[in-house]
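Trainee: Before I ask anything, here is the structure I am working with.
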Amino acid sequence: QVQLVESGGGLVQAGDSLRLSCAASGRTFSSSVMGWFRQAPGKEREFLAAISWSGGSTNYADSVQGRFTISRDNIKNTLYLQMNSLKPEDTAVYYCAGRPTPRYYSGTYYSERDYNYWGQGTQVTVSS
């Protein structure tokens, strides 16, 4: 099992950048597929980005492609989300999530149903 704790959220202005971190405890982080999701008030949780256990495969939602970058440091047991050119519509609670990687699988997952463990979330607010 992996415990996840997000940090780095806050209040920023449109056009600013933020980097979210997700610190993981447990020995299986380095073998886990990891992802970032967000949930805005009154909306369903939305997939943003995912990264394979090795970092060799990444995928992004169209809404953040080119603005957000997911990365991981398996030595530091930390997942990151670099967010640039933030917009007011990026305002949401941001969650990191993970799941064990199936044997011989080198890809990622898009659906929140595929993830087993979740952080508590960090608020990101972008003012116009």
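We label chains A, B, ... in the order they appear in the structure tokens, count residues from 1 in each chain, and number ligands from 1 in the order shown.
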Show me a table, sorted first by chain and then by increasing residue number, of the residues of region 28-93 of chain A having an atom at most 9 Å from region 122-128 of chain A, each with its shortest atom pair and the distance in Å to one decimal, counting only C-alpha atoms and written as JSON lines.

Mentor:
{"residue": "A:Leu86", "atom": "CA", "partner": "A:Val126", "partner_atom": "CA", "distance": 6.8}
{"residue": "A:Lys87", "atom": "CA", "partner": "A:Val126", "partner_atom": "CA", "distance": 6.1}
{"residue": "A:Pro88", "atom": "CA", "partner": "A:Val126", "partner_atom": "CA", "distance": 4.6}
{"residue": "A:Glu89", "atom": "CA", "partner": "A:Val126", "partner_atom": "CA", "distance": 7.5}
{"residue": "A:Asp90", "atom": "CA", "partner": "A:Val126", "partner_atom": "CA", "distance": 6.7}
{"residue": "A:Thr91", "atom": "CA", "partner": "A:Thr125", "partner_atom": "CA", "distance": 4.5}
{"residue": "A:Ala92", "atom": "CA", "partner": "A:Val124", "partner_atom": "CA", "distance": 5.6}
{"residue": "A:Val93", "atom": "CA", "partner": "A:Gln123", "partner_atom": "CA", "distance": 4.4}

Trainee: Write out, as a JSON list (two decimals), in the first residue's frame, the residues just selected, with N, CA, C and O atoms.

Mentor:
[["chain", "number", "residue", "atom", "x", "y", "z"],
["A", 86, "LEU", "N", -1.51, 29.11, -16.14],
["A", 86, "LEU", "CA", -2.73, 28.73, -15.44],
["A", 86, "LEU", "C", -3.88, 29.66, -15.80],
["A", 86, "LEU", "O", -3.69, 30.87, -16.05],
["A", 87, "LYS", "N", -5.07, 29.07, -15.83],
["A", 87, "LYS", "CA", -6.29, 29.78, -16.19],
["A", 87, "LYS", "C", -7.29, 29.68, -15.04],
["A", 87, "LYS", "O", -7.22, 28.73, -14.24],
["A", 88, "PRO", "N", -8.22, 30.61, -14.96],
["A", 88, "PRO", "CA", -9.23, 30.50, -13.89],
["A", 88, "PRO", "C", -9.97, 29.16, -13.90],
["A", 88, "PRO", "O", -10.33, 28.65, -12.83],
["A", 89, "GLU", "N", -10.16, 28.59, -15.08],
["A", 89, "GLU", "CA", -10.86, 27.29, -15.16],
["A", 89, "GLU", "C", -10.01, 26.13, -14.65],
["A", 89, "GLU", "O", -10.51, 25.01, -14.56],
["A", 90, "ASP", "N", -8.77, 26.37, -14.30],
["A", 90, "ASP", "CA", -7.94, 25.35, -13.66],
["A", 90, "ASP", "C", -8.19, 25.27, -12.16],
["A", 90, "ASP", "O", -7.64, 24.41, -11.48],
["A", 91, "THR", "N", -9.01, 26.17, -11.65],
["A", 91, "THR", "CA", -9.32, 26.16, -10.22],
["A", 91, "THR", "C", -10.03, 24.87, -9.84],
["A", 91, "THR", "O", -11.04, 24.51, -10.44],
["A", 92, "ALA", "N", -9.47, 24.16, -8.87],
["A", 92, "ALA", "CA", -10.00, 22.85, -8.47],
["A", 92, "ALA", "C", -9.17, 22.32, -7.31],
["A", 92, "ALA", "O", -8.13, 22.89, -6.96],
["A", 93, "VAL", "N", -9.64, 21.22, -6.76],
["A", 93, "VAL", "CA", -8.81, 20.43, -5.85],
["A", 93, "VAL", "C", -8.07, 19.40, -6.69],
["A", 93, "VAL", "O", -8.69, 18.70, -7.49]]

Trainee: What's the 8 Å shell around Tyr109 (chain A), counting only C-alpha atoms, without same-chain residues fewer than 3 positions away, as a PyMOL selection string?

Mentor: chain A and resi 33+35+50+114-115

Trainee: Taking 2 positions as the minimum chain separation for residues in the same chain, which residues sit within 12 Å of Phe47 (chain A) when counting only C-alpha atoms? Answer as a VMD selection string.

Mentor: chain A and resid 34 to 40 44 to 45 49 to 50 59 to 65 94 to 97 108 to 115

Trainee: Counting only C-alpha atoms, which of A:Asp73, A:Gln13, A:Phe68, A:Asn84 gets nearest to Ser52 (chain A)?

Mentor: A:Asp73

Trainee: Using DSSP on the backbone coordinates, identify all residues within chain A classified as strand (DSSP E or B); present the result as a VMD selection string.

Mentor: chain A and resid 3 to 7 10 to 13 18 to 25 32 to 39 46 to 51 58 to 60 68 to 73 78 to 83 92 to 100 117 to 118 122 to 127

Trainee: May I have the residues within 10 Å of region 27-32 of chain A as a PyMOL selection string, using only C-alpha atoms and disregarding those fewer than 4 positions away in the same chain?

Mentor: chain A and resi 1-4+23+51-55+72-79+97-103+108+115

Trainee: Rank nothing, just name the residue among A:Cys22, A:Ser71, A:Val12, A:Ser106 nearest to Gly121 (chain A), using only C-alpha atoms.

Mentor: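 Of the candidates, the smallest distance to Gly121 (chain A) is held by A:Cys22.
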
Trainee: So how far away is CA of Gly66 (chain A) from CA of Gly15 (chain A), in Å?

Mentor: 13.7 Å

Trainee: May I have the residues within 8 Å of Gly8 (chain A) as a list of chain:residue names, using only C-alpha atoms and disregarding those fewer than 4 positions away in the same chain?

Mentor: A:Leu18, A:Arg19, A:Leu20, A:Ser21, A:Thr122

Trainee: Would you please work out which residue, of A:Thr69, A:Thr58, A:Tyr117, A:Leu11, is nearest to Gly26 (chain A) when using only C-alpha atoms?

Mentor: A:Tyr117

Trainee: Which value, in Å to one decimal, gives the distance between CA of Ala24 (chain A) and CA of Tyr80 (chain A)?

Mentor: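 Taking CA of Ala24 (chain A) and CA of Tyr80 (chain A), their separation equals 11.1 Å.
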
Trainee: Kindly indicate which residue among A:Trp118, A:Leu81, A:Val5, A:Gly107 lies nearest to Ser17 (chain A), using only C-alpha atoms for the distances.

Mentor: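 Using only C-alpha atoms, the shortest distance to Ser17 (chain A) belongs to A:Leu81.
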